[in-house]
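Okay, structure first, notes after.
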Amino acid sequence: MKLPNYIDSAIIGAGVQALTLTTHLLQKSAKHYRKFLVFDPSKTWMSQWQQQFAAQQIPYLRSPAVHHPDPNPHQLRTFAEHRHNELFPPYDRPGTKLFNDFCDEVIRRWKLTDKVYPAKVVRVLPIERASRSRFQLVLNTGETIITRRVVLATGSGKVQLPHWIEKITPNYPSDRFCHSQQVNLNQLKLTGERILIVGGGLTSGHLAKGAINQGATVTLMARKQLQSKIFDADPGWLGPKYLKDFHAETDWYVRYQQIQQARNGGSMTPEIMLQLRKASHEGKVRIDECCQVRDAQWQDNLWQVNCHDGSKHQFNRIWLATGTRFNVKEHPLLQNVLETYPTEIVNGLPILDEHLRLPKSNFFIMGGLAALQIGPVARNIGGGKMACQRIVPAIVKPSLAIG
């Protein structure tokens with residue numbers, strides 16, 4: 001594919017939210033088909049998503065069958081009519097393979113295969129002209145392209161790391177201390193190993209299960225009590241039940257608190273919790289709740305770990321499943337954009353306009369960074385759909401356009 005000099009809309013990232021945006025855009029206006037390009041170094045849609053699910057051996061999604069990238073909410077169930085055994089109770093949560101096959105079908109049906117340009121956007125430079133504003137995207141290939149609109153759909157979460165890791169001497173083998181995003185269960189042999197997994201969310205549950213299946217003994221350490229929840233935020237956040245009051249709230253700091261309370265730092269699904277409790281009775285996993293590491297050192301080919309409660313442990317590996325946090329100030333692509341289009345920032349989250357633009361600009365943001373507008377589910381598939389309902393009108397209706 002040859003890169004044009006100019007494109008009307010540039011979408012950065014080819015994940016599930018970007019895919020959702022393109023189908024919703026084309027549903028509203030087929031003539032936009034030639035007006036956008038998606039930029040992702042992987043060359044394909046959903047590659048990071050699929051790698052992560054495969055690496056952590058995640059059998060099915062946490063979200064119900066109505067949440068997916070196609071504008072028709074029933075499309076996934078229709079697609080699965082001969083594969084009912086791949087929809088899991090409650091709420092028909094789709095199996096990973098079913099969901100990936102369905103997304104491939106969506107990509108094919110909307111003719112989106114050739115819409116991903118295989119390059120990473122490394123800088124976004126606003127170009128201010130008196131009559132109209134544009135953005136220049138600089139790619140890792142050295143190429144550049146001018147665009148009228150940018151939609152940032154990269155996930156944008158930054159790995160959250162506990163303080164004690166700053167004191168670790170870097171004398172350990174790199175594969176013995178990993179963030180969950182670097183763990184690939186399919187490439188490891190763990191028989192007889194002792195593994196410490198830090199974190200109380202669903203990722204730590206998946207990793208614990210995968211390690212136990214390979215014959216490891218796991219200690220799961222969480223700084224508070226494990227919470228069992230079907231979804232990571234109550235489904236009421238997808239509709240008027242909670243959003244009515246959330247949108248009526250004018251104090252952005254109060255909104256931020258509501259988001260934190262709704263997500264409450266990670267939770268596990270009831271099934272994973274059940275499997276872990278069972279493994280705990282069998283002595284395959286030890287669950288340390290309300291416990292934190294004080295320090296860890298690599299010594300005699302093992303991690304020597306001291307905890308705040310005075311206990312001492314030894315492990316072959318440490319995996320951090322400590323989640324991600326969102327901070328617009330730390331996002332490499334937003335530095336120049338925020339200088340030109342400043343906005344108020346609340347604990348790392350930008351205040352966007354109702355169409356999820358940085359004020360007075362054609363720079364749109366979806367995903368976790370849009371949480372002050374979308375609510376606690378902003379980073380989820382359902383949140384992506386809610387973001388589309390705001391972004392798409394601003395792209396297709398000239399009356400809503402800026403400049």
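Note on naming: chains are A, B, ... as they come in the structure tokens, residues start from 1 per chain, ligands start from 1 in the order shown.
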Write out as a tab-separated table a residue-level contact list of region 104-180 of chain A versus region 207-226 of chain A with cut-off 12 Å: for each qualifying residue the closest pair of atoms and the distance in Å to one decimal, counting only C-alpha atoms, rows sorted by chain and residue number upward.
```
residue	atom	partner	partner_atom	distance
A:Pro162	CA	A:Arg223	CA	10.7
A:Cys178	CA	A:Leu207	CA	11.9
A:His179	CA	A:Leu207	CA	11.1
A:Ser180	CA	A:Leu207	CA	7.9
```
Writing out the chosen residues with all heavy atoms as a PDB file, in the first residue's frame:
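File written: part-v1.pdb
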```
ATOM      1  N   PRO A 162       4.675  -1.541  41.232  1.00  0.00           N
ATOM      2  CA  PRO A 162       4.773  -1.234  42.666  1.00  0.00           C
ATOM      3  C   PRO A 162       6.126  -0.583  43.005  1.00  0.00           C
ATOM      4  O   PRO A 162       7.106  -0.780  42.288  1.00  0.00           O
ATOM      5  CB  PRO A 162       4.646  -2.610  43.333  1.00  0.00           C
ATOM      6  CG  PRO A 162       4.874  -3.616  42.272  1.00  0.00           C
ATOM      7  CD  PRO A 162       4.631  -2.973  40.953  1.00  0.00           C
ATOM      8  N   CYS A 178       8.816 -10.413  35.336  1.00  0.00           N
ATOM      9  CA  CYS A 178       8.095  -9.898  34.163  1.00  0.00           C
ATOM     10  C   CYS A 178       6.802  -9.210  34.571  1.00  0.00           C
ATOM     11  O   CYS A 178       6.168  -9.590  35.562  1.00  0.00           O
ATOM     12  CB  CYS A 178       7.676 -11.040  33.238  1.00  0.00           C
ATOM     13  SG  CYS A 178       9.001 -12.044  32.629  1.00  0.00           S
ATOM     14  N   HIS A 179       6.405  -8.262  33.761  1.00  0.00           N
ATOM     15  CA  HIS A 179       5.036  -7.759  33.863  1.00  0.00           C
ATOM     16  C   HIS A 179       4.144  -8.749  33.116  1.00  0.00           C
ATOM     17  O   HIS A 179       4.592  -9.421  32.186  1.00  0.00           O
ATOM     18  CB  HIS A 179       4.935  -6.373  33.247  1.00  0.00           C
ATOM     19  CG  HIS A 179       3.592  -5.735  33.504  1.00  0.00           C
ATOM     20  ND1 HIS A 179       2.535  -5.888  32.641  1.00  0.00           N
ATOM     21  CD2 HIS A 179       3.139  -4.993  34.534  1.00  0.00           C
ATOM     22  CE1 HIS A 179       1.483  -5.251  33.138  1.00  0.00           C
ATOM     23  NE2 HIS A 179       1.816  -4.701  34.276  1.00  0.00           N
ATOM     24  N   SER A 180       2.887  -8.837  33.512  1.00  0.00           N
ATOM     25  CA  SER A 180       1.981  -9.824  32.904  1.00  0.00           C
ATOM     26  C   SER A 180       1.957  -9.731  31.378  1.00  0.00           C
ATOM     27  O   SER A 180       1.785 -10.731  30.696  1.00  0.00           O
ATOM     28  CB  SER A 180       0.563  -9.635  33.454  1.00  0.00           C
ATOM     29  OG  SER A 180       0.108  -8.324  33.182  1.00  0.00           O
TER      30      SER A 180
END
```
Taking a cut-off of 8 Å and counting only C-alpha atoms, can you build a table that, for each residue of region 123-223 of chain A near region 305-318 of chain A, reports the nearest atom pair and how far apart they are in Å (one decimal), sorted by chain then residue number, as a tab-separated table?
```
residue	atom	partner	partner_atom	distance
A:Asp175	CA	A:Arg317	CA	8.0
A:Arg176	CA	A:Arg317	CA	4.6
A:Phe177	CA	A:Ile318	CA	4.9
A:Cys178	CA	A:Ile318	CA	6.6
A:Glu193	CA	A:Asn316	CA	6.0
A:Arg194	CA	A:Phe315	CA	5.0
A:Ile195	CA	A:Arg317	CA	4.9
A:Leu196	CA	A:Ile318	CA	4.8
A:Ile197	CA	A:Ile318	CA	6.0
A:Val198	CA	A:Ile318	CA	7.6
```
Please, could you write that set of residues out with all heavy atoms as an mmCIF file, in the first residue's frame?
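Produced file out.cif, reproduced below:
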```cif
data_model
loop_
_atom_site.group_PDB
_atom_site.id
_atom_site.type_symbol
_atom_site.label_atom_id
_atom_site.label_comp_id
_atom_site.auth_asym_id
_atom_site.auth_seq_id
_atom_site.Cartn_x
_atom_site.Cartn_y
_atom_site.Cartn_z
ATOM 1 N N ASP A 175 14.010 -13.094 32.200
ATOM 2 C CA ASP A 175 12.738 -13.825 32.130
ATOM 3 C C ASP A 175 12.211 -14.201 33.516
ATOM 4 O O ASP A 175 11.123 -14.771 33.638
ATOM 5 C CB ASP A 175 12.899 -15.096 31.289
ATOM 6 C CG ASP A 175 13.871 -16.085 31.929
ATOM 7 O OD1 ASP A 175 14.837 -15.632 32.586
ATOM 8 O OD2 ASP A 175 13.664 -17.307 31.788
ATOM 9 N N ARG A 176 12.959 -13.875 34.572
ATOM 10 C CA ARG A 176 12.538 -14.266 35.920
ATOM 11 C C ARG A 176 11.733 -13.177 36.625
ATOM 12 O O ARG A 176 11.285 -13.346 37.747
ATOM 13 C CB ARG A 176 13.765 -14.623 36.773
ATOM 14 C CG ARG A 176 14.500 -15.862 36.268
ATOM 15 C CD ARG A 176 13.512 -16.998 36.195
ATOM 16 N NE ARG A 176 14.004 -18.177 35.527
ATOM 17 C CZ ARG A 176 14.127 -19.372 36.108
ATOM 18 N NH1 ARG A 176 13.845 -19.499 37.389
ATOM 19 N NH2 ARG A 176 14.518 -20.407 35.419
ATOM 20 N N PHE A 177 11.603 -12.016 35.994
ATOM 21 C CA PHE A 177 10.839 -10.927 36.593
ATOM 22 C C PHE A 177 10.120 -10.221 35.449
ATOM 23 O O PHE A 177 10.763 -9.556 34.645
ATOM 24 C CB PHE A 177 11.796 -9.958 37.299
ATOM 25 C CG PHE A 177 11.073 -8.894 38.080
ATOM 26 C CD1 PHE A 177 10.701 -9.109 39.399
ATOM 27 C CD2 PHE A 177 10.756 -7.674 37.498
ATOM 28 C CE1 PHE A 177 10.033 -8.125 40.117
ATOM 29 C CE2 PHE A 177 10.086 -6.692 38.211
ATOM 30 C CZ PHE A 177 9.724 -6.919 39.525
ATOM 31 N N CYS A 178 8.816 -10.413 35.336
ATOM 32 C CA CYS A 178 8.095 -9.898 34.163
ATOM 33 C C CYS A 178 6.802 -9.210 34.571
ATOM 34 O O CYS A 178 6.168 -9.590 35.562
ATOM 35 C CB CYS A 178 7.676 -11.040 33.238
ATOM 36 S SG CYS A 178 9.001 -12.044 32.629
ATOM 37 N N GLU A 193 8.255 -25.322 39.588
ATOM 38 C CA GLU A 193 8.683 -23.965 39.960
ATOM 39 C C GLU A 193 7.713 -23.344 40.960
ATOM 40 O O GLU A 193 6.538 -23.698 41.026
ATOM 41 C CB GLU A 193 8.778 -23.076 38.715
ATOM 42 C CG GLU A 193 9.936 -23.438 37.815
ATOM 43 C CD GLU A 193 10.305 -22.279 36.874
ATOM 44 O OE1 GLU A 193 9.859 -21.139 37.118
ATOM 45 O OE2 GLU A 193 11.037 -22.538 35.901
ATOM 46 N N ARG A 194 8.259 -22.384 41.723
ATOM 47 C CA ARG A 194 7.417 -21.593 42.621
ATOM 48 C C ARG A 194 7.336 -20.190 42.045
ATOM 49 O O ARG A 194 8.370 -19.553 41.802
ATOM 50 C CB ARG A 194 8.027 -21.548 44.024
ATOM 51 C CG ARG A 194 7.763 -22.843 44.800
ATOM 52 C CD ARG A 194 8.510 -22.854 46.094
ATOM 53 N NE ARG A 194 9.941 -22.607 45.848
ATOM 54 C CZ ARG A 194 10.891 -22.847 46.728
ATOM 55 N NH1 ARG A 194 10.598 -23.296 47.917
ATOM 56 N NH2 ARG A 194 12.154 -22.618 46.438
ATOM 57 N N ILE A 195 6.126 -19.718 41.858
ATOM 58 C CA ILE A 195 5.944 -18.434 41.181
ATOM 59 C C ILE A 195 5.126 -17.491 42.062
ATOM 60 O O ILE A 195 4.091 -17.885 42.608
ATOM 61 C CB ILE A 195 5.234 -18.629 39.821
ATOM 62 C CG1 ILE A 195 6.076 -19.568 38.943
ATOM 63 C CG2 ILE A 195 5.025 -17.290 39.119
ATOM 64 C CD1 ILE A 195 5.429 -19.931 37.633
ATOM 65 N N LEU A 196 5.602 -16.265 42.177
ATOM 66 C CA LEU A 196 4.837 -15.230 42.881
ATOM 67 C C LEU A 196 4.129 -14.377 41.833
ATOM 68 O O LEU A 196 4.765 -13.841 40.925
ATOM 69 C CB LEU A 196 5.774 -14.336 43.710
ATOM 70 C CG LEU A 196 5.122 -13.074 44.302
ATOM 71 C CD1 LEU A 196 4.022 -13.433 45.298
ATOM 72 C CD2 LEU A 196 6.166 -12.182 44.974
ATOM 73 N N ILE A 197 2.810 -14.285 41.951
ATOM 74 C CA ILE A 197 2.038 -13.401 41.071
ATOM 75 C C ILE A 197 1.465 -12.289 41.942
ATOM 76 O O ILE A 197 0.758 -12.553 42.924
ATOM 77 C CB ILE A 197 0.911 -14.165 40.346
ATOM 78 C CG1 ILE A 197 1.517 -15.306 39.507
ATOM 79 C CG2 ILE A 197 0.110 -13.210 39.471
ATOM 80 C CD1 ILE A 197 0.482 -16.188 38.828
ATOM 81 N N VAL A 198 1.791 -11.056 41.598
ATOM 82 C CA VAL A 198 1.353 -9.916 42.399
ATOM 83 C C VAL A 198 0.183 -9.240 41.688
ATOM 84 O O VAL A 198 0.302 -8.851 40.519
ATOM 85 C CB VAL A 198 2.516 -8.905 42.579
ATOM 86 C CG1 VAL A 198 2.048 -7.720 43.423
ATOM 87 C CG2 VAL A 198 3.720 -9.586 43.230
#
```
- Task: Can you check which residues of region 109-341 of chain A DSSP gives as helix (DSSP H, G or I) on the backbone and send them as a PyMOL selection string?
- Result: chain A and resi 109+113-115+163-167+174-176+180-182+185-187+202-213+235-238+240-248+252-263+270-281+328-330+335-340
- Task: Using only C-alpha atoms, find the one residue out of A:Pro59, A:Pro376, A:Pro173, A:Gly15 that sits nearest to Lys97 (chain A).
- Result: A:Pro59
- Item | For Ile145 (chain A), the nearest of the candidates A:Asp92, A:Asp8, A:Asp353, A:Asp104, counting only C-alpha atoms |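 Residue with the minimum atom-to-atom distance to Ile145 (chain A): A:Asp8.
Atom pair CA of Thr191 (chain A) / CA of Lys284 (chain A) has a distance of 11.8 Å (rounded to one decimal).
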Quick one: everything within 9 Å of Gly95 (chain A), counting only C-alpha atoms, minus sequence neighbours fewer than 5 positions away in the same chain. Send it as an mmCIF file with all heavy atoms, in the first residue's frame.
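Output (out36.cif):
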```
data_model
loop_
_atom_site.group_PDB
_atom_site.id
_atom_site.type_symbol
_atom_site.label_atom_id
_atom_site.label_comp_id
_atom_site.auth_asym_id
_atom_site.auth_seq_id
_atom_site.Cartn_x
_atom_site.Cartn_y
_atom_site.Cartn_z
ATOM 1 N N ILE A 58 -6.380 -17.330 27.775
ATOM 2 C CA ILE A 58 -7.698 -16.884 28.257
ATOM 3 C C ILE A 58 -8.776 -17.565 27.414
ATOM 4 O O ILE A 58 -8.819 -17.371 26.202
ATOM 5 C CB ILE A 58 -7.817 -15.351 28.165
ATOM 6 C CG1 ILE A 58 -6.711 -14.688 29.018
ATOM 7 C CG2 ILE A 58 -9.198 -14.882 28.603
ATOM 8 C CD1 ILE A 58 -6.613 -13.185 28.861
ATOM 9 N N PRO A 59 -9.640 -18.389 28.031
ATOM 10 C CA PRO A 59 -10.577 -19.194 27.242
ATOM 11 C C PRO A 59 -11.771 -18.427 26.671
ATOM 12 O O PRO A 59 -12.272 -18.761 25.612
ATOM 13 C CB PRO A 59 -11.059 -20.258 28.238
ATOM 14 C CG PRO A 59 -10.836 -19.654 29.586
ATOM 15 C CD PRO A 59 -9.700 -18.683 29.466
ATOM 16 N N TYR A 60 -12.226 -17.396 27.391
ATOM 17 C CA TYR A 60 -13.363 -16.631 26.861
ATOM 18 C C TYR A 60 -13.338 -15.217 27.415
ATOM 19 O O TYR A 60 -12.628 -14.910 28.373
ATOM 20 C CB TYR A 60 -14.705 -17.302 27.174
ATOM 21 C CG TYR A 60 -14.853 -17.807 28.578
ATOM 22 C CD1 TYR A 60 -15.183 -16.941 29.618
ATOM 23 C CD2 TYR A 60 -14.667 -19.156 28.866
ATOM 24 C CE1 TYR A 60 -15.311 -17.407 30.917
ATOM 25 C CE2 TYR A 60 -14.798 -19.629 30.170
ATOM 26 C CZ TYR A 60 -15.118 -18.755 31.185
ATOM 27 O OH TYR A 60 -15.244 -19.200 32.462
ATOM 28 N N LEU A 61 -14.147 -14.362 26.794
ATOM 29 C CA LEU A 61 -14.158 -12.949 27.162
ATOM 30 C C LEU A 61 -14.936 -12.740 28.452
ATOM 31 O O LEU A 61 -15.733 -13.578 28.859
ATOM 32 C CB LEU A 61 -14.790 -12.115 26.048
ATOM 33 C CG LEU A 61 -13.840 -11.708 24.914
ATOM 34 C CD1 LEU A 61 -13.421 -12.919 24.099
ATOM 35 C CD2 LEU A 61 -14.482 -10.664 24.021
ATOM 36 N N ASN A 85 -21.996 -23.933 21.888
ATOM 37 C CA ASN A 85 -21.155 -24.397 22.992
ATOM 38 C C ASN A 85 -19.966 -23.477 23.228
ATOM 39 O O ASN A 85 -19.213 -23.645 24.173
ATOM 40 C CB ASN A 85 -20.655 -25.823 22.710
ATOM 41 C CG ASN A 85 -19.871 -25.893 21.402
ATOM 42 O OD1 ASN A 85 -20.138 -25.137 20.466
ATOM 43 N ND2 ASN A 85 -18.911 -26.789 21.333
ATOM 44 N N GLU A 86 -19.789 -22.459 22.348
ATOM 45 C CA GLU A 86 -18.698 -21.493 22.545
ATOM 46 C C GLU A 86 -19.200 -20.184 23.160
ATOM 47 O O GLU A 86 -18.488 -19.191 23.210
ATOM 48 C CB GLU A 86 -17.980 -21.217 21.221
ATOM 49 C CG GLU A 86 -17.219 -22.432 20.697
ATOM 50 C CD GLU A 86 -16.555 -22.160 19.354
ATOM 51 O OE1 GLU A 86 -15.652 -21.295 19.312
ATOM 52 O OE2 GLU A 86 -16.954 -22.788 18.359
ATOM 53 N N LEU A 87 -20.460 -20.200 23.615
ATOM 54 C CA LEU A 87 -20.996 -19.055 24.374
ATOM 55 C C LEU A 87 -21.157 -19.528 25.818
ATOM 56 O O LEU A 87 -21.787 -20.555 26.072
ATOM 57 C CB LEU A 87 -22.344 -18.612 23.794
ATOM 58 C CG LEU A 87 -22.296 -17.996 22.390
ATOM 59 C CD1 LEU A 87 -23.711 -17.812 21.839
ATOM 60 C CD2 LEU A 87 -21.562 -16.658 22.402
ATOM 61 N N PHE A 88 -20.576 -18.782 26.754
ATOM 62 C CA PHE A 88 -20.512 -19.257 28.142
ATOM 63 C C PHE A 88 -21.439 -18.461 29.054
ATOM 64 O O PHE A 88 -21.549 -17.241 28.923
ATOM 65 C CB PHE A 88 -19.068 -19.158 28.652
ATOM 66 C CG PHE A 88 -18.126 -20.078 27.916
ATOM 67 C CD1 PHE A 88 -17.529 -19.675 26.736
ATOM 68 C CD2 PHE A 88 -17.864 -21.349 28.402
ATOM 69 C CE1 PHE A 88 -16.676 -20.529 26.038
ATOM 70 C CE2 PHE A 88 -17.013 -22.202 27.717
ATOM 71 C CZ PHE A 88 -16.417 -21.790 26.526
ATOM 72 N N ASN A 100 -12.598 -14.138 18.018
ATOM 73 C CA ASN A 100 -11.602 -13.807 16.989
ATOM 74 C C ASN A 100 -12.126 -14.126 15.588
ATOM 75 O O ASN A 100 -11.947 -13.331 14.660
ATOM 76 C CB ASN A 100 -10.294 -14.567 17.244
ATOM 77 C CG ASN A 100 -9.567 -14.035 18.475
ATOM 78 O OD1 ASN A 100 -9.858 -12.944 18.967
ATOM 79 N ND2 ASN A 100 -8.626 -14.804 18.988
#
```
- Nearest residue to Val183 (chain A) from the set A:Ser228, A:Gln56, A:Asn5, A:Ala401 (distances using only C-alpha atoms):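 For Val183 (chain A), the nearest of the candidates is A:Gln56.
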- Message: Counting only C-alpha atoms, which residue out of A:Val122, A:Ile165, A:Val116, A:Met46 sits closest to Trp298 (chain A)?
- Response: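 Using only C-alpha atoms, Trp298 (chain A) sits closest to A:Ile165.
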- Excluding Gln258 (chain A) and residues on its chain fewer than 6 positions from it, collect all residues at most 10 Å away from it, counting only C-alpha atoms, and give them as a ChimeraX atom specification. /A:246,252,264,372,375-376
Any chance you can output those residues with N, CA, C and O atoms as a short mmCIF file (atom, residue, chain, number, x, y, z; two decimals), in the first residue's frame?
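Output file result.cif is given in full below:
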```
data_model
loop_
_atom_site.label_atom_id
_atom_site.label_comp_id
_atom_site.auth_asym_id
_atom_site.auth_seq_id
_atom_site.Cartn_x
_atom_site.Cartn_y
_atom_site.Cartn_z
N PHE A 246 -23.98 10.38 36.58
CA PHE A 246 -22.57 10.63 36.27
C PHE A 246 -22.44 11.83 35.34
O PHE A 246 -21.64 12.73 35.56
N TRP A 252 -15.47 17.50 38.01
CA TRP A 252 -14.70 16.43 37.36
C TRP A 252 -13.98 15.54 38.37
O TRP A 252 -13.77 14.36 38.13
N ASN A 264 -12.77 -0.14 41.21
CA ASN A 264 -12.26 -0.62 42.49
C ASN A 264 -11.03 -1.53 42.38
O ASN A 264 -10.93 -2.55 43.05
N LEU A 372 -13.53 10.27 31.76
CA LEU A 372 -14.30 11.34 32.41
C LEU A 372 -15.59 11.64 31.64
O LEU A 372 -16.55 12.15 32.21
N GLY A 375 -17.19 7.24 31.37
CA GLY A 375 -17.44 6.53 32.62
C GLY A 375 -16.48 5.36 32.80
O GLY A 375 -15.54 5.18 32.02
N PRO A 376 -16.73 4.53 33.84
CA PRO A 376 -15.79 3.47 34.22
C PRO A 376 -15.54 2.41 33.16
O PRO A 376 -14.55 1.70 33.20
#
```
- Item | Top pick for closest residue to Thr324 (chain A), considering A:Thr203, A:Asn186, A:Gln227, A:Ser42 and counting only C-alpha atoms | A:Thr203
- Task: Compare A:Phe135, A:Phe231, A:Tyr341, A:Trp164 by their minimum atom-to-atom distance to Pro90 (chain A), counting only C-alpha atoms, and give me the closest one.
- Result: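 With only C-alpha atoms as the atom set, the closest residue is A:Phe231.
Atom to atom, CA of Ala371 (chain A) and CA of Gly205 (chain A) stand 25.2 Å apart.
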